[in-house]
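One file, upload-v9.tsv, is given below (TSV, C-alpha atoms).
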chain	number	residue	atom	x	y	z
U	195	MET	CA	-68.34	-45.09	23.25
U	196	HIS	CA	-65.67	-42.54	22.32
U	197	ALA	CA	-62.63	-43.71	20.36
U	198	ARG	CA	-60.24	-42.11	22.87
U	199	SER	CA	-61.83	-43.95	25.77
U	200	ALA	CA	-61.81	-47.18	23.77
U	201	LEU	CA	-58.09	-46.82	23.08
U	202	PHE	CA	-57.40	-46.35	26.78
U	203	ASP	CA	-59.28	-49.60	27.39
U	204	VAL	CA	-57.26	-51.43	24.73
U	205	TYR	CA	-53.92	-50.23	26.08
U	206	GLY	CA	-54.90	-50.80	29.69
U	207	ASP	CA	-56.57	-54.18	29.35
U	208	HIS	CA	-54.76	-55.84	26.44
U	209	LEU	CA	-51.44	-54.15	25.65
U	210	ARG	CA	-49.91	-53.78	29.13
U	211	ALA	CA	-48.50	-57.32	28.76
U	212	ARG	CA	-47.49	-56.66	25.15
U	213	ASP	CA	-44.91	-53.88	25.59
U	214	ASN	CA	-47.64	-51.18	25.69
U	215	GLN	CA	-47.53	-50.80	21.91
U	216	ALA	CA	-49.26	-51.87	18.72
U	217	PRO	CA	-49.32	-51.03	15.00
U	218	VAL	CA	-52.08	-48.69	13.87
U	219	ALA	CA	-53.56	-51.41	11.66
U	220	SER	CA	-53.83	-53.74	14.68
U	221	LEU	CA	-55.55	-51.08	16.77
U	222	VAL	CA	-58.08	-50.55	13.97
U	223	ARG	CA	-58.75	-54.31	13.77
U	224	MET	CA	-59.20	-54.59	17.53
U	225	LEU	CA	-61.70	-51.75	17.74
U	226	ASP	CA	-63.77	-52.80	14.75
U	227	PRO	CA	-65.86	-55.38	16.72
U	228	VAL	CA	-66.88	-52.69	19.23
U	229	GLY	CA	-68.08	-50.29	16.54
U	230	ILE	CA	-65.18	-47.82	16.35
U	231	ALA	CA	-64.44	-46.93	12.72
U	232	ALA	CA	-60.88	-46.57	11.41
U	233	PRO	CA	-61.02	-42.76	10.88
U	234	ALA	CA	-62.17	-42.26	14.47
U	235	VAL	CA	-59.33	-44.47	15.74
U	236	ARG	CA	-56.71	-42.49	13.81
U	237	THR	CA	-58.13	-39.14	14.94
U	238	ALA	CA	-58.15	-40.29	18.56
U	239	ILE	CA	-54.54	-41.50	18.27
U	240	SER	CA	-53.44	-38.09	16.97
U	241	ARG	CA	-55.15	-36.34	19.87
U	242	MET	CA	-53.66	-38.72	22.43
U	243	VAL	CA	-50.19	-38.04	21.02
U	244	MET	CA	-50.73	-34.28	21.40
U	245	GLN	CA	-51.98	-34.85	24.96
U	246	GLY	CA	-48.92	-36.88	25.92
U	247	TRP	CA	-50.61	-40.28	26.27
U	248	LEU	CA	-49.10	-41.98	23.20
U	249	GLU	CA	-45.85	-41.68	21.25
U	250	PRO	CA	-45.07	-42.94	17.72
U	251	VAL	CA	-42.86	-45.98	17.26
U	252	GLN	CA	-41.81	-48.06	14.27
U	253	LEU	CA	-42.82	-51.71	14.66
U	254	ALA	CA	-42.43	-54.84	12.57
U	255	GLY	CA	-46.09	-54.59	11.64
U	256	GLY	CA	-45.71	-50.97	10.49
U	257	ARG	CA	-46.09	-47.58	12.12
U	258	GLY	CA	-47.44	-47.88	15.63
U	259	TYR	CA	-47.90	-46.14	18.93
U	260	ARG	CA	-46.63	-46.83	22.42
U	261	ALA	CA	-48.13	-45.68	25.71
U	262	THR	CA	-45.97	-42.99	27.35
U	263	GLU	CA	-44.63	-43.29	30.88
U	264	ARG	CA	-47.40	-40.97	32.05
U	265	ALA	CA	-50.00	-43.18	30.39
U	266	THR	CA	-48.63	-46.43	31.79
U	267	ARG	CA	-48.62	-44.94	35.29
U	268	ARG	CA	-52.28	-43.96	34.95
U	269	LEU	CA	-53.18	-47.32	33.37
U	270	ASP	CA	-51.50	-49.22	36.21
U	271	GLN	CA	-53.42	-47.16	38.77
U	272	ALA	CA	-56.66	-47.84	36.91
U	273	ALA	CA	-55.95	-51.57	36.63
U	274	ASP	CA	-55.32	-51.84	40.37
U	275	ARG	CA	-58.75	-50.36	40.99
U	276	ILE	CA	-60.58	-52.17	38.17
U	277	TYR	CA	-59.40	-55.59	39.34
U	278	ARG	CA	-59.28	-54.68	43.05
U	279	ARG	CA	-55.65	-55.82	43.25
U	280	THR	CA	-55.00	-53.95	46.46
U	281	ASP	CA	-57.05	-53.99	49.62
U	282	PRO	CA	-55.12	-51.73	52.01
U	283	SER	CA	-55.73	-52.00	55.70
U	284	TRP	CA	-57.22	-48.93	57.33
U	285	ASP	CA	-56.03	-47.53	60.66
U	286	GLY	CA	-59.23	-45.54	61.28
U	287	SER	CA	-57.74	-42.10	60.55
U	288	TRP	CA	-58.48	-39.73	57.68
U	289	HIS	CA	-56.18	-37.86	55.30
U	290	LEU	CA	-57.06	-34.19	54.87
U	291	VAL	CA	-55.78	-32.02	52.01
U	292	VAL	CA	-56.21	-28.25	52.24
U	293	VAL	CA	-55.77	-27.08	48.66
U	294	THR	CA	-54.66	-23.69	47.39
U	295	PRO	CA	-56.14	-23.96	43.89
U	296	PRO	CA	-54.44	-22.62	40.75
U	297	ASP	CA	-55.57	-19.34	39.21
U	298	ASP	CA	-56.41	-20.88	35.84
U	299	ARG	CA	-60.04	-21.98	35.65
U	300	SER	CA	-59.44	-25.01	33.44
U	301	ALA	CA	-56.64	-26.16	35.75
U	302	ARG	CA	-59.01	-25.89	38.73
U	303	THR	CA	-61.60	-27.99	36.90
U	304	ARG	CA	-59.00	-30.62	36.05
U	305	LEU	CA	-57.73	-30.62	39.63
U	306	ARG	CA	-61.21	-31.32	41.01
U	307	ALA	CA	-61.73	-34.17	38.57
U	308	ASP	CA	-58.30	-35.69	39.29
U	309	LEU	CA	-58.72	-35.49	43.06
U	310	ALA	CA	-62.07	-37.27	42.79
U	311	PHE	CA	-60.57	-39.86	40.43
U	312	VAL	CA	-57.86	-40.87	42.91
U	313	GLY	CA	-60.39	-41.15	45.75
U	314	TYR	CA	-60.73	-37.80	47.54
U	315	ALA	CA	-63.99	-35.97	48.21
U	316	GLU	CA	-64.46	-32.27	48.96
U	317	LEU	CA	-65.56	-31.99	52.59
U	318	THR	CA	-65.82	-28.18	52.56
U	319	ASP	CA	-64.47	-25.55	50.15
U	320	HIS	CA	-60.89	-26.54	49.20
U	321	VAL	CA	-60.69	-29.20	51.94
U	322	TRP	CA	-60.53	-32.74	50.58
U	323	VAL	CA	-60.71	-35.97	52.54
U	324	SER	CA	-59.82	-39.62	52.02
U	325	PRO	CA	-59.43	-42.58	54.38
U	326	TYR	CA	-56.03	-43.20	52.80
U	327	GLU	CA	-53.17	-40.99	51.69
U	328	ARG	CA	-53.28	-41.52	47.95
U	329	THR	CA	-49.89	-41.99	46.30
U	330	GLU	CA	-51.06	-40.07	43.22
U	331	LEU	CA	-51.77	-36.88	45.20
U	332	ARG	CA	-48.45	-35.15	44.56
U	333	PHE	CA	-48.65	-35.81	40.82
U	334	VAL	CA	-52.24	-34.50	40.70
U	335	LEU	CA	-51.29	-31.27	42.50
U	336	ASP	CA	-48.18	-30.70	40.38
U	337	ARG	CA	-50.09	-31.31	37.16
U	338	ALA	CA	-52.61	-28.61	38.06
U	339	GLY	CA	-50.02	-26.20	39.45
U	340	ALA	CA	-51.71	-26.30	42.87
U	341	ARG	CA	-50.33	-26.24	46.41
U	342	ALA	CA	-51.69	-28.01	49.47
U	343	ARG	CA	-51.19	-28.65	53.15
U	344	THR	CA	-52.03	-32.08	54.53
U	345	ALA	CA	-53.09	-33.35	57.93
U	346	ARG	CA	-54.13	-36.59	59.56
U	347	ALA	CA	-57.42	-36.62	61.47
U	348	VAL	CA	-57.30	-39.38	64.06
U	349	GLU	CA	-60.92	-38.97	65.15
U	350	PHE	CA	-63.90	-38.04	62.98
U	351	ASP	CA	-67.33	-38.19	64.58
U	352	PRO	CA	-69.34	-39.06	62.64
U	353	PRO	CA	-67.13	-40.41	59.81
U	354	PRO	CA	-67.25	-38.02	56.81
U	355	ILE	CA	-68.65	-40.59	54.39
U	356	GLU	CA	-71.43	-38.14	53.47
U	357	ALA	CA	-68.81	-36.31	51.40
U	358	TRP	CA	-69.38	-39.03	48.80
U	359	ASP	CA	-72.72	-39.61	47.10
U	360	LEU	CA	-73.13	-43.22	48.22
U	361	GLY	CA	-76.84	-43.22	47.34
U	362	SER	CA	-76.13	-42.70	43.66
U	363	LEU	CA	-73.24	-45.16	43.82
U	364	ARG	CA	-75.52	-47.82	45.34
U	365	ALA	CA	-78.06	-47.27	42.54
U	366	ALA	CA	-75.30	-47.60	39.93
U	367	TYR	CA	-74.13	-50.90	41.41
U	368	ASP	CA	-77.70	-52.21	41.58
U	369	ASP	CA	-78.11	-51.34	37.90
U	370	TRP	CA	-74.83	-53.08	37.07
U	371	LEU	CA	-75.99	-56.29	38.79
U	372	ALA	CA	-79.23	-56.17	36.81
U	373	THR	CA	-77.72	-55.54	33.37
U	374	ALA	CA	-74.15	-56.91	33.20
U	375	GLY	CA	-75.25	-60.44	32.30
U	376	ASP	CA	-77.41	-59.21	29.42
U	377	LEU	CA	-74.58	-56.98	28.19
U	378	VAL	CA	-72.25	-59.97	27.88
U	379	ALA	CA	-74.88	-62.20	26.30
U	380	ARG	CA	-75.75	-59.61	23.64
U	381	GLN	CA	-72.14	-59.17	22.61
U	382	LEU	CA	-71.49	-62.90	22.42
U	383	ALA	CA	-74.56	-63.33	20.23
U	384	SER	CA	-73.64	-60.42	17.94
U	385	HIS	CA	-70.46	-61.97	16.48
U	386	ASP	CA	-70.10	-65.10	14.39
U	387	GLU	CA	-66.56	-65.81	15.65
U	388	ASP	CA	-66.28	-66.99	19.24
U	389	ASP	CA	-63.01	-65.20	20.00
U	390	LYS	CA	-64.21	-61.95	18.47
U	391	GLY	CA	-67.40	-62.22	20.49
U	392	ALA	CA	-65.41	-62.88	23.67
U	393	PHE	CA	-63.25	-59.83	22.97
U	394	ALA	CA	-66.25	-57.58	22.32
U	395	ALA	CA	-68.09	-58.87	25.40
U	396	ARG	CA	-65.10	-58.43	27.68
U	397	PHE	CA	-64.33	-55.04	26.17
U	398	HIS	CA	-67.82	-53.72	26.88
U	399	LEU	CA	-67.79	-55.33	30.33
U	400	VAL	CA	-64.52	-53.62	31.28
U	401	HIS	CA	-65.58	-50.35	29.69
U	402	GLU	CA	-68.78	-50.20	31.75
U	403	TRP	CA	-67.07	-51.35	34.93
U	404	ARG	CA	-64.32	-48.78	34.40
U	405	LYS	CA	-66.88	-46.03	34.96
U	406	PHE	CA	-66.89	-46.92	38.66
U	407	LEU	CA	-63.30	-45.61	38.84
U	408	PHE	CA	-64.78	-42.11	38.65
U	409	ALA	CA	-67.49	-42.77	41.23
U	410	ASP	CA	-66.28	-45.30	43.80
U	411	PRO	CA	-63.66	-43.88	46.20
U	412	GLY	CA	-62.73	-47.31	47.50
U	413	LEU	CA	-63.83	-46.70	51.08
U	414	PRO	CA	-62.76	-49.26	53.71
U	415	ASP	CA	-65.18	-52.15	53.89
U	416	SER	CA	-65.86	-51.45	57.55
U	417	LEU	CA	-67.47	-48.11	56.61
U	418	LEU	CA	-69.93	-49.65	54.14
U	419	PRO	CA	-73.31	-51.29	54.90
U	420	ARG	CA	-73.48	-55.07	55.11
U	421	ASP	CA	-75.72	-55.16	52.04
U	422	TRP	CA	-73.43	-52.93	49.97
U	423	PRO	CA	-73.97	-54.00	46.31
U	424	GLY	CA	-70.43	-53.10	45.32
U	425	ARG	CA	-69.20	-56.40	46.75
U	426	ALA	CA	-71.51	-58.58	44.63
U	427	SER	CA	-70.85	-56.36	41.62
U	428	ALA	CA	-67.09	-56.85	41.92
U	429	GLU	CA	-67.52	-60.61	42.19
U	430	LEU	CA	-69.70	-60.69	39.08
U	431	PHE	CA	-67.24	-58.56	37.12
U	432	ALA	CA	-64.24	-60.69	38.11
U	433	ALA	CA	-65.99	-63.96	37.23
U	434	GLU	CA	-67.14	-62.76	33.79
U	435	ALA	CA	-63.84	-61.05	32.96
U	436	ASP	CA	-61.93	-64.24	33.78
U	437	ARG	CA	-64.33	-66.39	31.75
U	438	LEU	CA	-63.98	-64.21	28.66
U	439	LYS	CA	-60.25	-63.56	28.87
U	440	PRO	CA	-58.87	-66.62	26.97
U	441	GLY	CA	-60.97	-65.92	23.87
U	442	ALA	CA	-60.27	-62.18	24.05
U	443	ASP	CA	-56.52	-62.85	24.31
U	444	ARG	CA	-56.63	-65.08	21.23
U	445	PHE	CA	-58.44	-62.38	19.24
U	446	VAL	CA	-55.88	-59.73	20.28
U	447	ALA	CA	-53.02	-62.05	19.31
U	448	THR	CA	-54.61	-62.54	15.89
U	449	CYS	CA	-54.96	-58.78	15.40
U	450	LEU	CA	-51.31	-58.30	16.34
U	451	GLY	CA	-50.22	-61.07	13.97
U	452	SER	CA	-48.74	-63.18	16.76

Would you mind writing the structure in this file as structure tokens?
Amino acid sequence: MHARSALFDVYGDHLRARDNQAPVASLVRMLDPVGIAAPAVRTAISRMVMQGWLEPVQLAGGRGYRATERATRRLDQAADRIYRRTDPSWDGSWHLVVVTPPDDRSARTRLRADLAFVGYAELTDHVWVSPYERTELRFVLDRAGARARTARAVEFDPPPIEAWDLGSLRAAYDDWLATAGDLVARQLASHDEDDKGAFAARFHLVHEWRKFLFADPGLPDSLLPRDWPGRASAELFAAEADRLKPGADRFVATCLGS
């Protein structure tokens, strides 16, 4: 687990309800149970400041860092997908985006990753498709310096679900169902304090589940097979995350001195 990714998890899962900020010492204490050493935390913080994700702030507990507006927007989007807070109805049409990519190679790479992250798939060269018009599209294009034309396809025969690798996604969900329970049990058994163990278990649970943000486009349920393992996986995640949350919250409050 990389320190930068771990910090995103801490801010997204534990600090959104705590003003999106924390002292450095508290961040170090929170990440200790998941094996992130203090030097790695401080290095990751510095990089996230340079990248525009965090900004320094003086807190009662000492020097700290607050998530920027850009970061909170991304964290809110991620939380909606992690906890399946929205289940938009689908009218049966498809949103097409014909992209004029930027000249810069690194910007093109970032654009492809960002489009996939928000739920689009490349149907043919520079033509991306999604069952929904994603609200983050304009921000993604502007960030990469790209232009695009959009269209709505009312009929698609057959539906373009082959643009996503659903075979690999199914295998990933099957693996999640087989291993998530053991992941939680190992973390609970690895710590002598119940609340610390609950925090570590929930942290690893969310961290592993968060990987589906980069793979699952959130297709309408009507397009998925009846035996789609993503449904059972989401139920398992929600049940375990809820069960572990009280203890994890107490541990975070202790680390923050509140």

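Each of U:Gly206, U:Pro440, U:Gly391, U:Pro423 was compared to Gly361 of chain U using all atoms listed in the file, and U:Pro423 turns out to be the nearest.
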
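Going from atom CA of Arg346 of chain U to atom CA of Asp285 of chain U covers 11.2 Å.
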
- Find the residues around Leu417 of chain U up to 9 Å (only C-alpha atoms counted), leave out those fewer than 3 positions away in its own chain, and share them as a list in words. Pro353, Ile355, Leu413 and Pro414 of chain U

- Query: Contacts of segment 319-328 of chain U at 8 Å or less, counting all atoms listed in the file, minus same-chain residues fewer than 5 places along, as a PyMOL selection string?
  - Reply: chain U and resi 284+286-295+312-314+413-414

- Query: So which residues touch Leu407 of chain U within 12 Å, counting all atoms listed in the file, skipping near sequence neighbours fewer than 6 positions away, as a PyMOL selection string?
  - Reply: chain U and resi 268-269+271-278+307-314+363+400-401

- Query: Closest to Ala357 of chain U among U:Gly441, U:Pro282, U:Pro411, U:Gly375, using all atoms listed in the file?
  - Reply: U:Pro411

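Between atom CA of Asp226 of chain U and atom CA of Ala200 of chain U lies a distance of 10.8 Å.
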
- Might you pull out every residue within 12 Å of Asp359 of chain U, with all atoms listed in the file counted and same-chain residues fewer than 5 positions away left off, and present them as a ChimeraX atom specification? /U:310,315-317,354,364-366,408-411

Generate a file of the selected residues that holds C-alpha atoms, formatted as a PDB file, in the coordinates of the input.
ATOM      1  CA  ALA U 310     -62.070 -37.270  42.790  1.00  0.00           C
ATOM      2  CA  ALA U 315     -63.990 -35.970  48.210  1.00  0.00           C
ATOM      3  CA  GLU U 316     -64.460 -32.270  48.960  1.00  0.00           C
ATOM      4  CA  LEU U 317     -65.560 -31.990  52.590  1.00  0.00           C
ATOM      5  CA  PRO U 354     -67.250 -38.020  56.810  1.00  0.00           C
ATOM      6  CA  ARG U 364     -75.520 -47.820  45.340  1.00  0.00           C
ATOM      7  CA  ALA U 365     -78.060 -47.270  42.540  1.00  0.00           C
ATOM      8  CA  ALA U 366     -75.300 -47.600  39.930  1.00  0.00           C
ATOM      9  CA  PHE U 408     -64.780 -42.110  38.650  1.00  0.00           C
ATOM     10  CA  ALA U 409     -67.490 -42.770  41.230  1.00  0.00           C
ATOM     11  CA  ASP U 410     -66.280 -45.300  43.800  1.00  0.00           C
ATOM     12  CA  PRO U 411     -63.660 -43.880  46.200  1.00  0.00           C
TER      13      PRO U 411
END

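Nearest to His385 of chain U of all the residues U:Gly451, U:Gly339, U:Pro227, U:Pro217 is U:Pro227, based on all atoms listed in the file.
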
- Note on the structure: Across U:Thr448, U:Ser362, U:Thr373, U:Ser283, the smallest distance to Lys390 of chain U, with all atoms listed in the file counted, is shown by U:Thr448

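Relative to atom CA of Tyr205 of chain U, atom CA of Thr266 of chain U is found at 8.7 Å.
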
- Query: Between U:Lys405, U:Arg241, U:Arg212, U:His398, which has the minimum distance to Val228 of chain U (counting all atoms listed in the file)?
  - Reply: U:His398

- Task: Name the residues in contact with Gly229 of chain U at a cut-off of 10 Å, using all atoms listed in the file, excluding same-chain residues fewer than 6 positions from it; report them as an MDAnalysis selection string.
- Result: chainID U and resid 195:197 394

- Message: When you count only C-alpha atoms, which of these residues is closest to Gln245 of chain U: U:Arg257, U:Lys439, U:Arg264, U:Arg299?
- Response: U:Arg264

Could you give me, as an mmCIF file with C-alpha atoms, in the frame of the given file, the residues that have an atom at most 9 Å away from the point (-57.2, -54.0, 24.2) in the coordinates of the file, using all atoms listed in the file?
data_model
loop_
_atom_site.group_PDB
_atom_site.id
_atom_site.type_symbol
_atom_site.label_atom_id
_atom_site.label_comp_id
_atom_site.auth_asym_id
_atom_site.auth_seq_id
_atom_site.Cartn_x
_atom_site.Cartn_y
_atom_site.Cartn_z
ATOM 1 C CA ALA U 200 -61.810 -47.180 23.770
ATOM 2 C CA LEU U 201 -58.090 -46.820 23.080
ATOM 3 C CA PHE U 202 -57.400 -46.350 26.780
ATOM 4 C CA ASP U 203 -59.280 -49.600 27.390
ATOM 5 C CA VAL U 204 -57.260 -51.430 24.730
ATOM 6 C CA TYR U 205 -53.920 -50.230 26.080
ATOM 7 C CA GLY U 206 -54.900 -50.800 29.690
ATOM 8 C CA ASP U 207 -56.570 -54.180 29.350
ATOM 9 C CA HIS U 208 -54.760 -55.840 26.440
ATOM 10 C CA LEU U 209 -51.440 -54.150 25.650
ATOM 11 C CA ARG U 210 -49.910 -53.780 29.130
ATOM 12 C CA LEU U 221 -55.550 -51.080 16.770
ATOM 13 C CA MET U 224 -59.200 -54.590 17.530
ATOM 14 C CA LEU U 225 -61.700 -51.750 17.740
ATOM 15 C CA PHE U 393 -63.250 -59.830 22.970
ATOM 16 C CA PHE U 397 -64.330 -55.040 26.170
ATOM 17 C CA ALA U 442 -60.270 -62.180 24.050
ATOM 18 C CA ASP U 443 -56.520 -62.850 24.310
ATOM 19 C CA VAL U 446 -55.880 -59.730 20.280
#

Atom completion result for segment 380-391 of chain U (all heavy atoms) as a CSV table (one decimal), in the frame of the given file:
chain,number,residue,atom,x,y,z
U,380,ARG,N,-75.5,-60.3,24.9
U,380,ARG,CA,-75.8,-59.6,23.6
U,380,ARG,C,-74.5,-59.6,22.8
U,380,ARG,O,-74.6,-59.8,21.6
U,380,ARG,CB,-76.3,-58.2,23.9
U,380,ARG,CG,-77.7,-58.1,24.3
U,380,ARG,CD,-78.3,-56.7,24.1
U,380,ARG,NE,-77.4,-55.7,24.8
U,380,ARG,CZ,-77.5,-55.3,26.0
U,380,ARG,NH1,-78.4,-55.8,26.8
U,380,ARG,NH2,-76.7,-54.3,26.5
U,381,GLN,N,-73.4,-59.3,23.4
U,381,GLN,CA,-72.1,-59.2,22.6
U,381,GLN,C,-71.7,-60.5,22.1
U,381,GLN,O,-71.3,-60.6,20.9
U,381,GLN,CB,-71.0,-58.6,23.5
U,381,GLN,CG,-71.2,-57.1,23.8
U,381,GLN,CD,-71.3,-56.2,22.6
U,381,GLN,OE1,-70.6,-56.4,21.6
U,381,GLN,NE2,-72.3,-55.3,22.6
U,382,LEU,N,-71.8,-61.6,22.9
U,382,LEU,CA,-71.5,-62.9,22.4
U,382,LEU,C,-72.4,-63.3,21.3
U,382,LEU,O,-71.9,-64.0,20.3
U,382,LEU,CB,-71.6,-63.9,23.6
U,382,LEU,CG,-70.6,-63.8,24.7
U,382,LEU,CD1,-70.9,-64.7,25.8
U,382,LEU,CD2,-69.2,-64.1,24.2
U,383,ALA,N,-73.6,-62.9,21.3
U,383,ALA,CA,-74.6,-63.3,20.2
U,383,ALA,C,-74.4,-62.5,19.0
U,383,ALA,O,-74.9,-62.9,17.9
U,383,ALA,CB,-76.0,-63.2,20.7
U,384,SER,N,-73.7,-61.4,19.1
U,384,SER,CA,-73.6,-60.4,17.9
U,384,SER,C,-72.5,-60.7,17.0
U,384,SER,O,-72.4,-60.0,16.0
U,384,SER,CB,-73.5,-59.0,18.5
U,384,SER,OG,-74.6,-58.6,19.2
U,385,HIS,N,-71.6,-61.7,17.3
U,385,HIS,CA,-70.5,-62.0,16.5
U,385,HIS,C,-70.4,-63.5,16.1
U,385,HIS,O,-70.7,-64.3,17.0
U,385,HIS,CB,-69.2,-61.6,17.2
U,385,HIS,CG,-69.1,-60.1,17.6
U,385,HIS,ND1,-68.7,-59.1,16.7
U,385,HIS,CD2,-69.5,-59.5,18.7
U,385,HIS,CE1,-68.8,-57.9,17.3
U,385,HIS,NE2,-69.3,-58.1,18.5
U,386,ASP,N,-70.1,-63.7,14.9
U,386,ASP,CA,-70.1,-65.1,14.4
U,386,ASP,C,-68.8,-65.9,14.8
U,386,ASP,O,-68.8,-67.1,14.6
U,386,ASP,CB,-70.3,-65.2,12.9
U,386,ASP,CG,-69.3,-64.3,12.1
U,386,ASP,OD1,-68.4,-63.7,12.7
U,386,ASP,OD2,-69.5,-64.2,10.9
U,387,GLU,N,-67.8,-65.2,15.2
U,387,GLU,CA,-66.6,-65.8,15.6
U,387,GLU,C,-66.5,-65.8,17.2
U,387,GLU,O,-66.7,-64.7,17.8
U,387,GLU,CB,-65.3,-65.1,15.0
U,387,GLU,CG,-65.3,-65.2,13.5
U,387,GLU,CD,-64.1,-64.4,13.0
U,387,GLU,OE1,-63.1,-64.1,13.8
U,387,GLU,OE2,-64.1,-64.0,11.8
U,388,ASP,N,-66.3,-66.9,17.8
U,388,ASP,CA,-66.3,-67.0,19.2
U,388,ASP,C,-65.3,-66.1,19.9
U,388,ASP,O,-65.6,-65.4,20.9
U,388,ASP,CB,-66.0,-68.4,19.7
U,388,ASP,CG,-67.2,-69.4,19.4
U,388,ASP,OD1,-68.3,-68.9,19.1
U,388,ASP,OD2,-67.0,-70.6,19.4
U,389,ASP,N,-64.0,-66.0,19.4
U,389,ASP,CA,-63.0,-65.2,20.0
U,389,ASP,C,-63.3,-63.7,19.8
U,389,ASP,O,-63.1,-62.9,20.8
U,389,ASP,CB,-61.6,-65.5,19.4
U,389,ASP,CG,-61.1,-66.9,19.8
U,389,ASP,OD1,-61.7,-67.5,20.8
U,389,ASP,OD2,-60.1,-67.4,19.2
U,390,LYS,N,-63.8,-63.3,18.7
U,390,LYS,CA,-64.2,-62.0,18.5
U,390,LYS,C,-65.4,-61.6,19.4
U,390,LYS,O,-65.4,-60.5,20.0
U,390,LYS,CB,-64.6,-61.7,17.0
U,390,LYS,CG,-65.0,-60.3,16.7
U,390,LYS,CD,-65.5,-60.1,15.3
U,390,LYS,CE,-64.3,-60.3,14.3
U,390,LYS,NZ,-64.8,-59.9,12.9
U,391,GLY,N,-66.3,-62.5,19.6
U,391,GLY,CA,-67.4,-62.2,20.5
U,391,GLY,C,-66.9,-62.1,21.9
U,391,GLY,O,-67.4,-61.2,22.7
